[in-house]
Structure formats: C-alpha cells, structure tokens
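Novice: Sending over entry.cif (mmCIF, C-alpha atoms).
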```cif
data_structure
loop_
_atom_site.label_atom_id
_atom_site.label_comp_id
_atom_site.auth_asym_id
_atom_site.auth_seq_id
_atom_site.Cartn_x
_atom_site.Cartn_y
_atom_site.Cartn_z
CA MET M 1 27.57 4.70 -4.35
CA LYS M 2 27.23 5.44 -0.63
CA LYS M 3 23.42 5.49 -0.90
CA LEU M 4 23.41 2.23 -2.88
CA LEU M 5 25.53 0.54 -0.23
CA LYS M 6 23.18 1.75 2.51
CA MET M 7 20.19 0.49 0.50
CA ALA M 8 21.83 -2.91 0.05
CA ALA M 9 22.58 -3.08 3.77
CA THR M 10 18.96 -2.30 4.63
CA ILE M 11 17.67 -4.99 2.26
CA ALA M 12 20.14 -7.46 3.72
CA LEU M 13 18.85 -6.60 7.18
CA VAL M 14 15.28 -7.33 6.16
CA ILE M 15 16.21 -10.68 4.62
CA LEU M 16 18.27 -11.65 7.64
CA ALA M 17 15.53 -10.54 10.00
CA VAL M 18 12.95 -12.65 8.17
CA ASN M 19 15.09 -15.76 8.31
CA ALA M 20 16.46 -15.35 11.84
CA TRP M 21 14.20 -13.19 13.95
CA ALA M 22 15.22 -12.70 17.55
CA GLY M 23 12.73 -12.25 20.36
CA SER M 24 13.97 -8.75 21.16
CA ARG M 25 16.52 -6.14 20.18
CA SER M 26 17.91 -3.38 22.37
CA GLY M 27 20.32 -0.51 22.07
CA MET M 28 20.77 3.26 22.09
CA ILE M 29 19.63 5.58 19.33
CA VAL M 30 21.43 8.91 19.02
CA MET M 31 20.02 11.64 16.77
CA GLU M 32 22.35 14.57 16.05
CA PHE M 33 21.19 17.76 14.33
CA ASP M 34 23.16 20.78 13.13
CA LEU M 35 21.33 23.64 11.43
CA SER M 36 24.24 26.09 11.84
CA SER M 37 25.08 26.35 8.14
CA HIS M 38 21.64 27.56 7.11
CA GLN M 39 20.66 31.18 6.70
CA THR M 40 21.68 33.34 9.66
CA GLY M 41 19.57 36.10 11.12
CA LYS M 42 16.50 33.83 11.03
CA GLU M 43 14.77 31.92 13.81
CA ALA M 44 15.23 28.17 13.43
CA ARG M 45 12.75 25.55 14.65
CA LEU M 46 12.93 21.76 14.72
CA TRP M 47 10.34 19.04 15.36
CA ILE M 48 11.30 15.40 16.00
CA PRO M 49 8.97 12.44 16.73
CA TYR M 50 9.28 11.51 20.40
CA PRO M 51 8.91 7.73 20.98
CA LEU M 52 7.01 6.31 23.94
CA SER M 53 6.99 2.99 25.73
CA ASP M 54 4.17 0.57 24.96
CA LYS M 55 3.54 -3.16 25.17
CA ASP M 56 6.06 -3.82 22.38
CA GLN M 57 8.88 -1.45 23.29
CA MET M 58 10.47 0.16 26.32
CA ILE M 59 11.98 3.65 26.00
CA THR M 60 14.40 4.75 28.74
CA ASP M 61 17.41 6.99 29.35
CA VAL M 62 16.08 9.90 27.28
CA ARG M 63 18.62 12.69 26.95
CA ILE M 64 18.41 16.07 25.22
CA SER M 65 21.31 18.47 24.88
CA GLY M 66 22.26 21.38 22.67
CA ASP M 67 22.57 25.15 22.38
CA CYS M 68 18.92 25.93 21.55
CA ALA M 69 17.01 28.71 23.28
CA GLU M 70 13.98 26.51 23.95
CA THR M 71 13.02 22.84 24.04
CA GLY M 72 9.81 21.11 24.96
CA VAL M 73 7.82 17.93 24.41
CA TYR M 74 4.35 18.56 23.00
CA ALA M 75 1.59 16.57 21.29
CA ASP M 76 -1.06 17.19 18.66
CA ARG M 77 -4.73 17.08 19.61
CA ASP M 78 -5.99 14.44 17.18
CA PHE M 79 -3.46 11.63 17.55
CA ARG M 80 -1.70 12.78 20.73
CA GLN M 81 1.57 12.19 18.88
CA PRO M 82 4.43 13.36 21.12
CA MET M 83 7.08 15.50 19.46
CA LEU M 84 10.27 17.12 20.65
CA PHE M 85 10.41 20.79 19.68
CA ALA M 86 13.54 22.95 19.67
CA ARG M 87 13.98 26.62 18.79
CA TRP M 88 16.99 28.83 18.18
CA ASP M 89 16.84 32.65 18.26
CA LYS M 90 17.64 34.53 15.07
CA GLU M 91 20.92 35.77 16.57
CA ALA M 92 22.18 32.20 17.11
CA LYS M 93 25.45 31.38 15.32
CA SER M 94 25.32 27.70 16.29
CA ARG M 95 22.22 25.51 16.10
CA LYS M 96 22.94 22.05 17.46
CA LEU M 97 20.82 19.44 19.21
CA THR M 98 21.40 15.84 20.30
CA PHE M 99 18.45 13.62 21.20
CA SER M 100 19.13 10.09 22.42
CA PHE M 101 17.21 7.27 24.05
CA ALA M 102 17.59 3.60 24.90
CA VAL M 103 15.10 1.15 23.42
CA GLU M 104 14.25 -2.46 23.99
CA ARG M 105 12.00 -3.68 21.23
CA ASP M 106 10.10 -6.98 21.14
CA GLU M 107 9.12 -9.08 18.19
CA VAL M 108 5.36 -8.88 17.60
CA VAL M 109 3.56 -12.13 16.84
CA CYS M 110 -0.23 -12.14 16.96
CA ARG M 111 -1.48 -15.61 17.84
CA ASN M 112 -4.88 -17.12 18.55
CA LEU M 113 -6.80 -14.53 16.61
CA PRO M 114 -10.53 -14.84 17.35
CA VAL M 115 -12.40 -17.06 14.91
CA ASN M 116 -15.69 -15.28 15.54
CA GLU M 117 -15.68 -11.52 15.27
CA ALA M 118 -16.51 -9.68 18.50
CA VAL M 119 -19.32 -7.15 18.55
CA TRP M 120 -17.90 -3.69 17.89
CA ASN M 121 -19.01 -0.18 17.09
CA PRO M 122 -17.25 1.53 14.16
CA ALA M 123 -17.98 4.89 15.79
CA ASP M 124 -15.48 3.98 18.52
CA HIS M 125 -12.75 3.83 15.87
CA ALA M 126 -13.87 6.71 13.67
CA ALA M 127 -10.41 8.33 13.73
CA TYR M 128 -9.00 5.25 11.97
CA LEU M 129 -11.77 4.99 9.38
CA LYS M 130 -11.73 8.55 8.08
CA PRO M 131 -9.89 9.52 4.89
CA THR M 132 -6.71 11.60 4.75
CA ALA M 133 -5.56 14.21 2.25
CA LEU M 134 -3.62 11.62 0.23
CA GLY M 135 -5.66 8.59 1.23
CA PRO M 136 -9.34 8.96 0.26
CA THR M 137 -11.84 6.20 0.94
CA ASN M 138 -14.32 6.94 -1.84
CA GLY M 139 -14.24 6.85 -5.63
CA PRO M 140 -11.69 4.46 -7.19
CA VAL M 141 -10.30 3.50 -3.79
CA LYS M 142 -13.72 2.38 -2.56
CA GLN M 143 -14.41 0.56 -5.82
CA LEU M 144 -11.13 -1.33 -5.59
CA ALA M 145 -11.66 -2.14 -1.91
CA ASP M 146 -15.11 -3.56 -2.65
CA GLN M 147 -13.67 -5.65 -5.47
CA ILE M 148 -10.85 -7.04 -3.31
CA THR M 149 -13.08 -7.86 -0.34
CA LYS M 150 -16.10 -9.17 -2.25
CA GLY M 151 -17.65 -12.01 -0.25
CA LYS M 152 -15.61 -11.20 2.86
CA THR M 153 -17.70 -10.35 5.93
CA THR M 154 -15.28 -10.06 8.85
CA VAL M 155 -12.58 -7.51 9.63
CA LEU M 156 -9.91 -10.21 9.65
CA ASP M 157 -10.91 -11.69 6.30
CA LYS M 158 -11.11 -8.26 4.68
CA ALA M 159 -7.72 -7.21 6.06
CA LYS M 160 -6.13 -10.45 4.84
CA ALA M 161 -7.62 -10.06 1.38
CA ILE M 162 -6.25 -6.52 1.15
CA TYR M 163 -2.85 -7.64 2.43
CA ASP M 164 -2.69 -10.38 -0.20
CA TRP M 165 -3.71 -7.93 -2.93
CA VAL M 166 -1.08 -5.37 -1.90
CA CYS M 167 1.63 -8.05 -1.74
CA GLY M 168 0.64 -9.29 -5.17
CA ASN M 169 0.02 -6.01 -6.99
CA MET M 170 2.12 -3.25 -5.44
CA TYR M 171 5.86 -3.24 -6.02
CA ARG M 172 8.92 -1.58 -4.56
CA ASP M 173 10.49 1.24 -6.53
CA PRO M 174 14.09 1.58 -5.27
CA LEU M 175 14.40 4.95 -7.02
CA ALA M 176 11.53 6.55 -5.08
CA LYS M 177 12.71 9.32 -2.78
CA GLY M 178 12.72 8.60 0.94
CA CYS M 179 9.83 6.43 2.06
CA GLY M 180 7.42 8.11 -0.36
CA PRO M 181 4.52 10.53 0.15
CA GLY M 182 1.77 7.90 0.11
CA ASP M 183 -0.38 9.47 -2.62
CA VAL M 184 -2.90 6.63 -2.89
CA CYS M 185 -4.91 7.79 -5.89
CA SER M 186 -1.82 8.30 -8.04
CA LEU M 187 -0.34 4.98 -6.96
CA ILE M 188 -3.52 3.11 -7.89
CA ALA M 189 -4.42 5.02 -11.05
CA GLU M 190 -0.91 4.98 -12.52
CA LYS M 191 -0.06 1.52 -11.14
CA ARG M 192 3.14 2.99 -9.73
CA GLY M 193 5.43 1.38 -7.20
CA GLY M 194 7.03 3.10 -4.26
CA LYS M 195 8.57 2.72 -0.86
CA CYS M 196 7.05 1.71 2.48
CA VAL M 197 4.82 4.77 3.03
CA ASP M 198 3.46 4.45 -0.52
CA ILE M 199 2.71 0.74 -0.25
CA HIS M 200 1.27 0.95 3.24
CA SER M 201 -0.82 4.04 2.51
CA VAL M 202 -2.55 1.95 -0.15
CA PHE M 203 -3.13 -0.84 2.38
CA VAL M 204 -4.54 1.59 4.97
CA ALA M 205 -6.79 3.46 2.52
CA LEU M 206 -8.20 0.22 1.11
CA ALA M 207 -8.76 -1.13 4.61
CA LYS M 208 -10.61 1.99 5.71
CA ALA M 209 -12.71 1.95 2.54
CA ALA M 210 -13.68 -1.63 3.39
CA GLY M 211 -14.69 -0.64 6.93
CA VAL M 212 -11.51 -1.90 8.62
CA PRO M 213 -9.92 0.56 11.10
CA ALA M 214 -6.30 1.02 10.08
CA ARG M 215 -3.30 3.30 10.54
CA GLU M 216 0.33 3.73 9.52
CA VAL M 217 3.04 3.37 12.16
CA PHE M 218 6.20 5.39 11.57
CA GLY M 219 9.58 4.31 12.88
CA ILE M 220 13.21 3.54 12.18
CA ARG M 221 15.07 0.26 11.83
CA LEU M 222 17.51 -0.77 14.53
CA GLY M 223 20.97 -1.79 13.37
CA ARG M 224 22.51 -5.24 13.59
CA GLN M 225 26.05 -4.01 14.25
CA ASP M 226 27.35 -2.74 17.58
CA MET M 227 27.71 0.70 15.98
CA GLU M 228 25.76 1.57 12.84
CA ASP M 229 24.59 4.64 10.93
CA ILE M 230 20.82 4.20 10.53
CA THR M 231 20.03 7.64 9.06
CA SER M 232 18.58 5.98 5.97
CA GLY M 233 16.69 3.38 7.98
CA TYR M 234 13.34 5.13 8.43
CA HIS M 235 10.47 2.71 7.90
CA CYS M 236 6.70 2.55 8.30
CA TRP M 237 4.26 -0.34 8.60
CA PRO M 238 0.47 -0.64 8.86
CA GLU M 239 -1.77 -1.91 11.63
CA PHE M 240 -5.46 -2.78 11.53
CA PHE M 241 -7.81 -3.01 14.51
CA LEU M 242 -9.26 -6.47 15.05
CA PRO M 243 -12.37 -6.42 17.30
CA GLY M 244 -11.91 -8.54 20.39
CA TYR M 245 -8.13 -8.57 19.97
CA GLY M 246 -6.56 -5.16 19.34
CA TRP M 247 -4.10 -3.67 16.86
CA VAL M 248 -2.51 -6.18 14.49
CA PRO M 249 0.59 -5.36 12.38
CA ALA M 250 1.62 -6.42 8.89
CA ASP M 251 4.37 -5.35 6.49
CA PRO M 252 3.68 -5.96 2.80
CA ALA M 253 6.41 -3.45 1.86
CA ASP M 254 9.06 -5.69 3.40
CA VAL M 255 7.61 -8.60 1.43
CA ARG M 256 8.09 -6.63 -1.78
CA LYS M 257 11.56 -5.54 -0.67
CA VAL M 258 12.86 -9.08 -0.28
CA MET M 259 11.09 -10.14 -3.48
CA LEU M 260 13.00 -7.43 -5.33
CA ALA M 261 16.29 -8.31 -3.65
CA GLU M 262 15.95 -12.03 -4.41
CA ASN M 263 14.30 -11.57 -7.83
CA LEU M 264 11.21 -13.51 -6.76
CA THR M 265 7.83 -13.71 -8.46
CA THR M 266 4.47 -13.82 -6.72
CA SER M 267 4.21 -17.56 -7.37
CA ASP M 268 7.57 -18.53 -5.84
CA ALA M 269 7.50 -20.65 -2.67
CA LYS M 270 9.83 -18.22 -0.87
CA THR M 271 7.41 -15.39 -1.65
CA THR M 272 4.66 -17.34 0.08
CA MET M 273 6.91 -17.81 3.10
CA TYR M 274 7.72 -14.10 3.27
CA ARG M 275 4.04 -13.19 2.98
CA GLU M 276 3.21 -15.51 5.86
CA ASN M 277 6.09 -14.13 7.94
CA PHE M 278 4.95 -10.52 7.65
CA TRP M 279 1.24 -11.17 8.22
CA CYS M 280 0.25 -10.43 11.83
CA ARG M 281 3.94 -10.43 12.71
CA ILE M 282 6.87 -7.99 12.61
CA ASP M 283 10.50 -8.32 13.59
CA PRO M 284 12.11 -6.56 16.60
CA TYR M 285 14.62 -4.64 14.45
CA ARG M 286 12.55 -1.47 14.47
CA VAL M 287 11.32 1.14 16.92
CA LYS M 288 7.97 2.90 16.72
CA LEU M 289 8.34 6.67 16.63
CA GLY M 290 4.68 7.54 16.24
CA THR M 291 1.59 7.59 14.07
CA GLY M 292 -0.83 10.03 12.47
CA ARG M 293 -1.45 11.54 9.00
CA ASP M 294 -2.28 15.18 8.27
CA LEU M 295 -0.62 15.93 11.59
CA THR M 296 -0.88 19.39 13.16
CA LEU M 297 2.55 20.14 14.59
CA ASN M 298 2.71 21.66 18.04
CA PRO M 299 3.81 24.46 18.12
CA PRO M 300 2.50 25.04 14.57
CA PRO M 301 4.93 25.75 11.70
CA LYS M 302 5.08 29.13 10.02
CA ASP M 303 2.62 28.22 7.27
CA GLY M 304 0.28 26.46 9.71
CA ARG M 305 -0.42 23.60 7.30
CA PRO M 306 -0.82 20.01 8.52
CA LEU M 307 2.15 17.72 7.92
CA ASN M 308 1.65 14.61 5.77
CA TYR M 309 3.38 12.56 8.49
CA LEU M 310 6.06 13.08 11.14
CA MET M 311 8.73 10.40 10.83
CA TYR M 312 11.72 12.25 9.49
CA PRO M 313 12.75 15.37 11.42
CA PHE M 314 11.01 18.55 10.27
CA ALA M 315 12.76 21.93 10.42
CA GLN M 316 12.20 25.51 9.34
CA VAL M 317 14.70 28.38 9.18
CA GLY M 318 12.71 31.56 8.96
CA ASP M 319 9.80 30.78 6.63
CA ALA M 320 11.71 28.16 4.64
CA THR M 321 11.20 24.43 5.24
CA LEU M 322 14.33 22.30 4.97
CA ASP M 323 14.33 19.14 2.86
CA TRP M 324 14.26 16.35 5.44
CA LEU M 325 15.16 13.81 2.75
CA GLU M 326 18.57 15.41 2.32
CA PRO M 327 20.38 14.77 5.63
CA GLU M 328 23.68 15.87 4.06
CA THR M 329 22.36 19.43 3.61
CA PHE M 330 19.86 19.31 6.47
CA LYS M 331 22.78 17.95 8.52
CA TYR M 332 21.38 15.28 10.78
CA LYS M 333 22.61 11.82 11.61
CA VAL M 334 21.00 8.88 13.41
CA THR M 335 23.27 6.27 15.00
CA TYR M 336 22.46 2.94 16.59
CA ARG M 337 24.62 1.55 19.38
CA GLY M 338 23.83 -2.02 20.30
CA LYS M 339 23.73 -3.34 23.86
#
```
Now, as a test, write the supplied structure out as structure tokens.

Specialist:
Amino acid sequence: MKKLLKMAATIALVILAVNAWAGSRSGMIVMEFDLSSHQTGKEARLWIPYPLSDKDQMITDVRISGDCAETGVYADRDFRQPMLFARWDKEAKSRKLTFSFAVERDEVVCRNLPVNEAVWNPADHAAYLKPTALGPTNGPVKQLADQITKGKTTVLDKAKAIYDWVCGNMYRDPLAKGCGPGDVCSLIAEKRGGKCVDIHSVFVALAKAAGVPAREVFGIRLGRQDMEDITSGYHCWPEFFLPGYGWVPADPADVRKVMLAENLTTSDAKTTMYRENFWCRIDPYRVKLGTGRDLTLNPPPKDGRPLNYLMYPFAQVGDATLDWLEPETFKYKVTYRGK
C-alpha cells in the first residue's frame, strides 16, 4: 500500500507539473545511508552520483558527513561522470553516511530551433552514437529506426519521428521494478512496456541507429511539499544533440505516465497536448544526477564489471552487491526540503 501511494503521488506530480509548470524549483536534497545491518567483518563500499551545476541547475551547499574511513569524489574516464565514493573498514560496527546539497533547477524550453541543419561531423559526437550493452544500433533496432525515419533527412526530423513513435507504441508498465534496466532488444521484440529507463533506452538506441547523437540523463524528481520523501522519485529522460543548437531534452515516458493515469488513448486531444509539452521541454521538478551507460565506477567494484547506469546508489559489502531497488533493506532515504 505504501508503494502504491508513493506511485500515485509521483503520477500526480507529473500531471500537476505538466499543467502548471513553474520557471524554477529550489530546495535541499538529503540522502541518508545506513549499511550497518549488513554482514560484519567485511569491507563496505558505496558509490553515489554526484550532481554538478550546469546551465539548467545550480548545485551549492554540498555537505558530506558520516563514520566512514574514506570518502572522495571521482569520475569515470569515458563520461567524466562524478561520483561520491565512501568506504568502511571491515572492523566497522556502524556504516552511516549523509550526503546533502542545495539545488535550484530551471525549466528547460528549447525555442527557435534552427530550420536549416548546421554542418556537423558525426565523429565529434561518436560517444553518443555508439551502441551500449543493452542498446545495440544494428539488427532489429536499425531496421526499426530506418522504418520510423524513412524520408526524414535532418537530425531534428528524425528525432521527432522517433519521439512520436515511442509515445505512440511504448507503454508504461507500473509493475516494472525500479526504473527498468533498459534492455532495448527485449522491449522491442516482445513489445513489452516498462518504466522511464526502458522507454528512454528505446528512444536513445533508435536515435543512435538513425544517426542522431543521443544519451540518457539520470536524475531524481524534486518534491512539491516543503518536506517530502523522494526515495522512489528517481527518473531518467533522453536528450539528443541538435547541430547548431546543442542538447535538446524530451520525455516520452512522462507522456505515457499521464496517459496511464488519465486512461487516455493515443488519439485523445489531451494526449496530443502532453506530447507537445514534453517535446523539447522538461519541467523544473527534477535534478540531473549524471549520465552514461556501461559506466566504469571509480574506484572499480570488486567484480570490475561496468555498471548499466549510475542513478540509484550502488553498494557492496565484501564481494556481495546490495539490491539498490530495495531501500528498506539497503537502508537509504532521500528527502526533499523546499525553500
């Protein structure tokens, strides 16, 4: 029941945000972690995405406290994704960490997109055209991308065609765990629905297969109340690179979320409105935590394998990886305090 209430609150937030977007949203995010109850006599390590300021958000008042033996802020080599790392010695009886920061987030509205595509070199954006472990750009994905973008010649027209296809053909599965793994081939072949990472991984893979540089952005939704538990509010959205303009956001998953909540069909007028609202525009009720798929954590985890994506916290006690989708057993909580 508690999870259903949180899900309903998140959907209500999306609907409210669509209908009454503010220009900006600010507040404090507090992340609290407690790994004390897990196996003793083992070293414990924790990685958390570390948000940075950019043109759409300002991060200030960063504070880190706890009883860990070591903390540091590192980045991976490929995406330069910052991450907060904490380590506890195997003798530690208590393993607690609090990470907090203030954020001021702006609404993103992309206006005056260039009518004529600027000259660009795909090699300059190779990192955002290459496939990932769960998001190939050949085979059925390439075939579908070619079908969707047939007759389209510009990056903008291709991206819009893919956005429209995803909005019309993907669907939200409220029973999917977390935000989903984003296994593109399975999603397409089995015509399965999913959550935001699933839906947006399909968008990004199709875009790349069509020659459009694209990436997933991983974040968390800001609350609307003065004090709100946002532990279940993790969210991702895609961006594509438009030559002569820059990175442009969209959010077809939020379109499908409100369609599900309001029992809308693809032909309903409100659906058209939601699709227009989330094309080249996103609300300020979110903070970007980072980006990057097949991410190499720094320092590397025990098994040394790349991580699908770093949005939720990632922790290991000894050689065992904790389930980041179970905050009750992982024991972490994310709170939003409005300003």

Novice: With only C-alpha atoms as the basis for distance, which of M:Gly182, M:Gly211, M:Gly135, M:Pro243 is at the shortest distance from Lys152 in chain M?

Specialist: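 Among M:Gly182, M:Gly211, M:Gly135, M:Pro243, it is M:Gly211 that comes nearest to Lys152 in chain M.
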
Novice: Per residue of range 89-166 of chain M within 10 Å of range 66-72 of chain M, record the nearest atom pair and its distance in Å to one decimal, counting all atoms listed in the file, with rows in chain order and ascending residue number, as JSON lines.

Specialist:
```
{"residue": "M:Asp89", "atom": "CA", "partner": "M:Ala69", "partner_atom": "CA", "distance": 6.4}
{"residue": "M:Ala92", "atom": "CA", "partner": "M:Cys68", "partner_atom": "CA", "distance": 8.3}
{"residue": "M:Lys93", "atom": "CA", "partner": "M:Asp67", "partner_atom": "CA", "distance": 9.8}
{"residue": "M:Ser94", "atom": "CA", "partner": "M:Asp67", "partner_atom": "CA", "distance": 7.2}
{"residue": "M:Arg95", "atom": "CA", "partner": "M:Asp67", "partner_atom": "CA", "distance": 6.3}
{"residue": "M:Lys96", "atom": "CA", "partner": "M:Gly66", "partner_atom": "CA", "distance": 5.3}
{"residue": "M:Leu97", "atom": "CA", "partner": "M:Gly66", "partner_atom": "CA", "distance": 4.2}
{"residue": "M:Thr98", "atom": "CA", "partner": "M:Gly66", "partner_atom": "CA", "distance": 6.1}
{"residue": "M:Phe99", "atom": "CA", "partner": "M:Gly66", "partner_atom": "CA", "distance": 8.8}
```

Novice: For CA of Ala145 in chain M and CA of Lys288 in chain M, quote the distance in Å rounded to one decimal.

Specialist: 27.5 Å

Novice: Padding 4 Å on every side, please: axis-aligned box over the listed atoms of range 165-184 of chain M, centre and edge lengths to one decimal in Å, as lines of an AutoDock Vina configuration file.

Specialist:
```
center_x = 5.3
center_y = 0.6
center_z = -2.5
size_x = 26.1
size_y = 27.8
size_z = 17.1
```

Novice: Point out the residue among M:Thr321, M:Thr132, M:Thr291, M:Asn169 with the least atom-to-atom distance to Asp303 in chain M, counting all atoms listed in the file.

Specialist: M:Thr321

Novice: Considering all atoms listed in the file, return as number ranges by chain whatever protein or nucleic-acid residues lie within 12 Å of Gly318 in chain M, sequence-local ones (same chain, fewer than 2 positions apart) excluded.

Specialist: M: 35, 38-46, 87-91, 301-303, 315-316, 320-322

Novice: Kindly resolve the PyMOL selection byres ((chain M and resi 49-57) around 8) on the present coordinates and return the residues as a list in words.

Specialist: Trp47, Ile48, Met58, Ile59, Val73, Gln81, Pro82, Met83, Leu84, Val103, Glu104, Arg105, Asp106, Glu107, Val108, Val287, Lys288, Leu289, Gly290, Leu310, Met311, Tyr312 and Pro313 of chain M

Novice: State, in Å with one decimal place, the distance from CA of Ala214 in chain M to CA of Trp247 in chain M.

Specialist: 8.5 Å

Novice: Suppose you want the space between CA of Ala210 in chain M and CA of Gln147 in chain M; what is it in Å?

Specialist: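 These atoms are spaced 9.7 Å apart.
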
Novice: Report the residues retrieved by the PyMOL selection byres ((chain M and resi 174) around 9) from the displayed file, expressed as a PyMOL selection string.

Specialist: chain M and resi 7+172-173+175-177+193-195+257

Novice: I'd like the residues picked by the PyMOL selection byres ((chain M and resi 271) around 12) written out as a JSON list (two decimals) with C-alpha atoms, in the frame of the given file, using the chain letters and numbers from the file.

Specialist:
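Result written to selection-v6.json:
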```
[["chain", "number", "residue", "atom", "x", "y", "z"],
["M", 15, "ILE", "CA", 16.21, -10.68, 4.62],
["M", 18, "VAL", "CA", 12.95, -12.65, 8.17],
["M", 164, "ASP", "CA", -2.69, -10.38, -0.20],
["M", 167, "CYS", "CA", 1.63, -8.05, -1.74],
["M", 168, "GLY", "CA", 0.64, -9.29, -5.17],
["M", 252, "PRO", "CA", 3.68, -5.96, 2.80],
["M", 254, "ASP", "CA", 9.06, -5.69, 3.40],
["M", 255, "VAL", "CA", 7.61, -8.60, 1.43],
["M", 256, "ARG", "CA", 8.09, -6.63, -1.78],
["M", 257, "LYS", "CA", 11.56, -5.54, -0.67],
["M", 258, "VAL", "CA", 12.86, -9.08, -0.28],
["M", 259, "MET", "CA", 11.09, -10.14, -3.48],
["M", 260, "LEU", "CA", 13.00, -7.43, -5.33],
["M", 261, "ALA", "CA", 16.29, -8.31, -3.65],
["M", 262, "GLU", "CA", 15.95, -12.03, -4.41],
["M", 263, "ASN", "CA", 14.30, -11.57, -7.83],
["M", 264, "LEU", "CA", 11.21, -13.51, -6.76],
["M", 265, "THR", "CA", 7.83, -13.71, -8.46],
["M", 266, "THR", "CA", 4.47, -13.82, -6.72],
["M", 267, "SER", "CA", 4.21, -17.56, -7.37],
["M", 268, "ASP", "CA", 7.57, -18.53, -5.84],
["M", 269, "ALA", "CA", 7.50, -20.65, -2.67],
["M", 270, "LYS", "CA", 9.83, -18.22, -0.87],
["M", 272, "THR", "CA", 4.66, -17.34, 0.08],
["M", 273, "MET", "CA", 6.91, -17.81, 3.10],
["M", 274, "TYR", "CA", 7.72, -14.10, 3.27],
["M", 275, "ARG", "CA", 4.04, -13.19, 2.98],
["M", 276, "GLU", "CA", 3.21, -15.51, 5.86],
["M", 277, "ASN", "CA", 6.09, -14.13, 7.94],
["M", 278, "PHE", "CA", 4.95, -10.52, 7.65]]
```

Novice: Tell me, as a list in words, which residues lie within 6 Å of Val248 in chain M, counting all atoms listed in the file; anything in the same chain fewer than 6 positions away does not count.

Specialist: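 Returned residues: Glu239, Phe240 and Cys280 of chain M.
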
Novice: Would you mind listing what lies within 7 Å of Tyr309 in chain M as a list in words, with all atoms listed in the file counted and same-chain residues fewer than 3 positions away left out?

Specialist: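 Result of the neighbour search: Gly292, Arg293, Asp294 and Leu295 of chain M.
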
Novice: Which is closest to Pro136 in chain M among M:Tyr234, M:Phe203, M:Tyr285, M:Phe101, if we use only C-alpha atoms?

Specialist: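 Result for the nearest residue to Pro136 in chain M: M:Phe203.
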
Novice: Set the distance at 8 Å and use only C-alpha atoms: which residues neighbour Gly338 in chain M once local chain neighbours fewer than 3 positions away are removed? I'd like the list as a PDB file with C-alpha atoms, in the frame of the given file.

Specialist:
```pdb
ATOM      1  CA  SER M  26      17.910  -3.380  22.370  1.00  0.00           C
ATOM      2  CA  GLY M  27      20.320  -0.510  22.070  1.00  0.00           C
ATOM      3  CA  MET M  28      20.770   3.260  22.090  1.00  0.00           C
ATOM      4  CA  GLY M 223      20.970  -1.790  13.370  1.00  0.00           C
ATOM      5  CA  ARG M 224      22.510  -5.240  13.590  1.00  0.00           C
ATOM      6  CA  GLN M 225      26.050  -4.010  14.250  1.00  0.00           C
ATOM      7  CA  ASP M 226      27.350  -2.740  17.580  1.00  0.00           C
ATOM      8  CA  MET M 227      27.710   0.700  15.980  1.00  0.00           C
TER       9      MET M 227
END
```

Novice: From the list M:Pro140, M:Gly180, M:Pro213, M:Pro299, which residue is nearest Cys236 in chain M when using all atoms listed in the file?

Specialist: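 The closest residue to Cys236 in chain M is M:Gly180.
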
Novice: M:Lys331, M:Val204, M:Pro306, M:Asp319: which is nearest Asp76 in chain M, counting all atoms listed in the file?

Specialist: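 Once distances to Asp76 in chain M are computed over all atoms listed in the file, the minimum belongs to M:Pro306.
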
Novice: Dig up all the protein and nucleic acid residues within 6 Å of (-10.7, 4.0, 8.8) in the file frame, using only C-alpha atoms, and format them as a list in words.

Specialist: Tyr128, Leu129, Lys130, Lys208, Val212, Pro213 and Ala214 of chain M

Novice: Which residues come within 8 Å of His235 in chain M, counting all atoms listed in the file, excluding same-chain residues fewer than 2 positions away, as a ChimeraX atom specification?

Specialist: /M:179,196-197,218-221,233,237
